[in-house]
2 protein chains.
Amino acid sequence: MSDPTPKQRPTRQRSALVEALANCQDFISAQDLHARMTEDGTRIGLTTVYRALRDLEAADTVDVAQAGAGERLYRWRPAGRHRHYLICRACGSSRPVDSEVVEEWAGRIAADSGFAAVEHTVELTGVCIGCQPTTGEGKLPSCPWSPDWETPRHRAPGCGS
Amino acid sequence: MSDPTPKQRPTRQRSALVEALANCQDFISAQDLHARMTEDGTRIGLTTVYRALRDLEAADTVDVAQAGAGERLYRWRPAGRHRHYLICRACGSSRPVDSEVVEEWAGRIAADSGFAAVEHTVELTGVCIGCQPTTGEGKLPSCPWSPDWETPRHRAPGCGS
DNA sequence: ATAGGTGCAAAAGATTTGCAACTGG
DNA sequence: CCAGTTGCAAATCTTTTGCACCTAT
């Protein structure tokens, strides 16, 4: 009937972006991804990053999360089906969670309500073990992990640099 | 220990805002709420609306939803517990849904993962019956439902005016 | 009296768009 | 060749902030 994925030409920028995003095992914002790619030597415009991400989103090959107000984070989706994640509010790391239950629940709601084309957004956030201050004794620093994640949000170890 | 709801002084603007929001049975953006209040004769600054909504959010008396990129919608929360909604993408009307299942699921994830202070965001969107084009025959008008949810994409009859 | 609230104008950010030049199939 | 891409600058849009002036308690 229609083209879920109209075109998408494998240009130099587009390919590099997909690779950078796939290498990144976490959510990352368009701006950060652009910065990272630029750092790594890829010449690409911020506008292009936005447009490419938008297309990938339309093609359902990335998962999207909202960061605070008006900032969207993208994460490459290896497998076919969409996933939901548990994101650490302190260090930004994310891990996929089993969401069968929610999927079914959403399906039931859809059926019972009579609504069509029901879509859902589910986001879990918390403070991961590594970022939890040990209540009584000496509290560890912020994030006892890879030395390069210092951004409260986006900024993952496996990501690029 | 701390004050979840530090202050909140019942000023003219604040009170009017709460009333307007409570009267509105649907999600509404800060800008729209401001516009509506202004239309209705309440003199209030947009800044104040933003600040009041932020405080209400902190006080957990409103539910928040994300609209597209970087626009937040607020909905007055009558009962105590938070709720999740099914929102029509065509007309914007929203109806709370039973989310026990999801609450439990979220709790389990929290426990199993070891993450602390786990919070969740769940949003369901679809096309309500009234907005569904009747495939073959004559298509009904926009949205013929229960008299209390009729907001056409933020702009409800029941809301204020 | 005074801590908190208000509002205007300006600032901040993130994302989108106009447009002319470019490129992969 | 030609539809799709790119990138820069400018434009949009929503939300936040600086600051001086009000106002409940």
# chains A, B, ... in the order shown; residues from 1 in each chain; ligands from 1
>>> closest_atom_pairs(of="chain D", to="chain B", cutoff="10 Å", atoms="only C-alpha atoms (C1' of nucleotides)", output="Markdown table")
| residue | atom | partner | partner_atom | distance |
| --- | --- | --- | --- | --- |
| D:DC13 | C1' | B:Gly70 | CA | 8.7 |
| D:DT14 | C1' | B:Glu71 | CA | 6.2 |
| D:DT15 | C1' | B:Tyr50 | CA | 7.8 |
| D:DT16 | C1' | B:Thr47 | CA | 8.8 |
| D:DT23 | C1' | B:Thr11 | CA | 8.5 |
| D:DA24 | C1' | B:Thr11 | CA | 7.4 |
| D:DT25 | C1' | B:Arg9 | CA | 9.5 |
>>> residues_around(residues="Ser99 (chain A)", least_positions_apart="2", cutoff="10 Å", atoms="only C-alpha atoms (C1' of nucleotides)", output="PyMOL selection string")
(chain A and resi 82-85+96-97+101-105+122) or (chain B and resi 102+105-106+109)
>>> write_last_selection(atoms="N, CA and C atoms", output="PDB file, in the first residue's frame")
ATOM      1  N   HIS A  82      10.808  -3.674  18.900  1.00  0.00           N
ATOM      2  CA  HIS A  82      11.167  -2.531  19.729  1.00  0.00           C
ATOM      3  C   HIS A  82      11.364  -3.016  21.156  1.00  0.00           C
ATOM      4  N   ARG A  83      12.075  -2.229  21.936  1.00  0.00           N
ATOM      5  CA  ARG A  83      12.381  -2.622  23.298  1.00  0.00           C
ATOM      6  C   ARG A  83      12.120  -1.460  24.229  1.00  0.00           C
ATOM      7  N   HIS A  84      12.126  -1.776  25.516  1.00  0.00           N
ATOM      8  CA  HIS A  84      11.959  -0.718  26.507  1.00  0.00           C
ATOM      9  C   HIS A  84      13.186  -0.799  27.380  1.00  0.00           C
ATOM     10  N   TYR A  85      13.556   0.324  27.981  1.00  0.00           N
ATOM     11  CA  TYR A  85      14.791   0.363  28.760  1.00  0.00           C
ATOM     12  C   TYR A  85      14.676   0.929  30.166  1.00  0.00           C
ATOM     13  N   PRO A  96      18.196  -2.841  28.336  1.00  0.00           N
ATOM     14  CA  PRO A  96      16.857  -3.254  27.920  1.00  0.00           C
ATOM     15  C   PRO A  96      16.228  -4.124  28.984  1.00  0.00           C
ATOM     16  N   VAL A  97      14.923  -4.074  29.117  1.00  0.00           N
ATOM     17  CA  VAL A  97      14.242  -4.901  30.103  1.00  0.00           C
ATOM     18  C   VAL A  97      13.194  -5.760  29.407  1.00  0.00           C
ATOM     19  N   VAL A 101       5.034  -8.436  29.382  1.00  0.00           N
ATOM     20  CA  VAL A 101       3.849  -8.083  30.144  1.00  0.00           C
ATOM     21  C   VAL A 101       3.209  -6.791  29.659  1.00  0.00           C
ATOM     22  N   VAL A 102       4.055  -5.790  29.497  1.00  0.00           N
ATOM     23  CA  VAL A 102       3.548  -4.508  29.062  1.00  0.00           C
ATOM     24  C   VAL A 102       2.986  -4.567  27.648  1.00  0.00           C
ATOM     25  N   GLU A 103       3.673  -5.317  26.803  1.00  0.00           N
ATOM     26  CA  GLU A 103       3.213  -5.428  25.424  1.00  0.00           C
ATOM     27  C   GLU A 103       1.803  -6.006  25.404  1.00  0.00           C
ATOM     28  N   GLU A 104       1.629  -7.060  26.186  1.00  0.00           N
ATOM     29  CA  GLU A 104       0.315  -7.702  26.226  1.00  0.00           C
ATOM     30  C   GLU A 104      -0.730  -6.752  26.777  1.00  0.00           C
ATOM     31  N   TRP A 105      -0.337  -6.100  27.867  1.00  0.00           N
ATOM     32  CA  TRP A 105      -1.234  -5.155  28.512  1.00  0.00           C
ATOM     33  C   TRP A 105      -1.676  -4.094  27.503  1.00  0.00           C
ATOM     34  N   VAL A 122       7.105   3.507  26.887  1.00  0.00           N
ATOM     35  CA  VAL A 122       7.350   3.093  28.265  1.00  0.00           C
ATOM     36  C   VAL A 122       8.805   3.395  28.587  1.00  0.00           C
TER      37      VAL A 122
ATOM     38  N   VAL B 102       0.984  -2.817  34.842  1.00  0.00           N
ATOM     39  CA  VAL B 102       2.226  -2.108  34.579  1.00  0.00           C
ATOM     40  C   VAL B 102       2.921  -1.674  35.861  1.00  0.00           C
ATOM     41  N   TRP B 105       4.594  -4.637  37.216  1.00  0.00           N
ATOM     42  CA  TRP B 105       5.722  -4.975  36.350  1.00  0.00           C
ATOM     43  C   TRP B 105       6.888  -4.046  36.657  1.00  0.00           C
ATOM     44  N   ALA B 106       6.601  -2.760  36.733  1.00  0.00           N
ATOM     45  CA  ALA B 106       7.641  -1.773  37.012  1.00  0.00           C
ATOM     46  C   ALA B 106       8.290  -2.056  38.363  1.00  0.00           C
ATOM     47  N   ILE B 109      10.648  -5.013  38.043  1.00  0.00           N
ATOM     48  CA  ILE B 109      11.875  -4.633  37.339  1.00  0.00           C
ATOM     49  C   ILE B 109      12.784  -3.914  38.327  1.00  0.00           C
TER      50      ILE B 109
END
>>> closest_residue(among="C:DC19, C:DC8, C:DA1, C:DA14", to="DG18 (chain D)", atoms="only C-alpha atoms (C1' of nucleotides)")
C:DC8
>>> residues_around(residues="Thr38 (chain A)", least_positions_apart="2", cutoff="12 Å", atoms="only C-alpha atoms (C1' of nucleotides)", output="number ranges by chain")
A: 13, 16-17, 20, 31-36, 40-46, 49, 160-161
>>> write_last_selection(atoms="N, CA and C atoms", output="mmCIF file, in the first residue's frame")
data_model
loop_
_atom_site.group_PDB
_atom_site.id
_atom_site.type_symbol
_atom_site.label_atom_id
_atom_site.label_comp_id
_atom_site.auth_asym_id
_atom_site.auth_seq_id
_atom_site.Cartn_x
_atom_site.Cartn_y
_atom_site.Cartn_z
ATOM 1 N N GLN A 13 27.741 10.159 4.754
ATOM 2 C CA GLN A 13 27.290 10.613 6.069
ATOM 3 C C GLN A 13 26.320 9.633 6.716
ATOM 4 N N ALA A 16 28.046 6.481 7.922
ATOM 5 C CA ALA A 16 28.871 6.751 9.098
ATOM 6 C C ALA A 16 27.978 6.910 10.320
ATOM 7 N N LEU A 17 26.875 7.606 10.148
ATOM 8 C CA LEU A 17 25.976 7.834 11.275
ATOM 9 C C LEU A 17 25.426 6.521 11.800
ATOM 10 N N ALA A 20 28.141 4.746 13.705
ATOM 11 C CA ALA A 20 28.412 5.387 14.993
ATOM 12 C C ALA A 20 27.303 5.057 15.988
ATOM 13 N N GLN A 31 22.616 15.935 19.075
ATOM 14 C CA GLN A 31 23.747 16.832 19.233
ATOM 15 C C GLN A 31 25.013 16.090 19.666
ATOM 16 N N ASP A 32 24.862 15.228 20.629
ATOM 17 C CA ASP A 32 26.028 14.487 21.104
ATOM 18 C C ASP A 32 26.573 13.565 20.027
ATOM 19 N N LEU A 33 25.659 12.942 19.310
ATOM 20 C CA LEU A 33 26.101 12.031 18.263
ATOM 21 C C LEU A 33 26.888 12.822 17.224
ATOM 22 N N HIS A 34 26.364 13.990 16.879
ATOM 23 C CA HIS A 34 27.043 14.845 15.913
ATOM 24 C C HIS A 34 28.427 15.228 16.422
ATOM 25 N N ALA A 35 28.486 15.628 17.676
ATOM 26 C CA ALA A 35 29.769 16.028 18.269
ATOM 27 C C ALA A 35 30.758 14.875 18.220
ATOM 28 N N ARG A 36 30.266 13.717 18.603
ATOM 29 C CA ARG A 36 31.134 12.551 18.632
ATOM 30 C C ARG A 36 31.658 12.206 17.245
ATOM 31 N N ASP A 40 35.477 12.257 15.861
ATOM 32 C CA ASP A 40 36.085 11.085 15.245
ATOM 33 C C ASP A 40 36.510 11.317 13.806
ATOM 34 N N GLY A 41 36.349 12.548 13.358
ATOM 35 C CA GLY A 41 36.817 12.850 12.025
ATOM 36 C C GLY A 41 35.810 12.791 10.888
ATOM 37 N N THR A 42 34.579 12.432 11.208
ATOM 38 C CA THR A 42 33.563 12.367 10.156
ATOM 39 C C THR A 42 32.999 13.757 9.907
ATOM 40 N N ARG A 43 33.020 14.193 8.687
ATOM 41 C CA ARG A 43 32.461 15.505 8.395
ATOM 42 C C ARG A 43 30.973 15.338 8.096
ATOM 43 N N ILE A 44 30.154 15.897 8.958
ATOM 44 C CA ILE A 44 28.709 15.783 8.770
ATOM 45 C C ILE A 44 28.041 16.950 9.460
ATOM 46 N N GLY A 45 27.009 17.454 8.866
ATOM 47 C CA GLY A 45 26.322 18.615 9.428
ATOM 48 C C GLY A 45 25.304 18.191 10.467
ATOM 49 N N LEU A 46 25.064 19.070 11.419
ATOM 50 C CA LEU A 46 24.104 18.747 12.467
ATOM 51 C C LEU A 46 22.733 18.500 11.853
ATOM 52 N N VAL A 49 22.375 15.080 10.661
ATOM 53 C CA VAL A 49 22.196 14.122 11.747
ATOM 54 C C VAL A 49 20.722 14.079 12.137
ATOM 55 N N GLY A 160 31.572 5.327 20.648
ATOM 56 C CA GLY A 160 32.596 6.066 19.911
ATOM 57 C C GLY A 160 33.918 6.216 20.620
ATOM 58 N N SER A 161 34.251 7.456 20.894
ATOM 59 C CA SER A 161 35.573 7.814 21.432
ATOM 60 C C SER A 161 36.251 6.683 22.113
#
>>> atom_distance(atom1="CA of Asn23 (chain A)", atom2="CA of Thr61 (chain A)")
13.9 Å
>>> interface_residues(of="chain A", to="chain B", cutoff="7 Å", atoms="only C-alpha atoms", output="list in words")
Ala69, Gly70, Glu71, Val102, Gly114, Phe115, Ala116, Ala117, Val118, Glu119, His120, Thr121, Val122, Glu123, Leu124, Thr125, Gly126, Val127, Cys128 and Ile129 of chain A
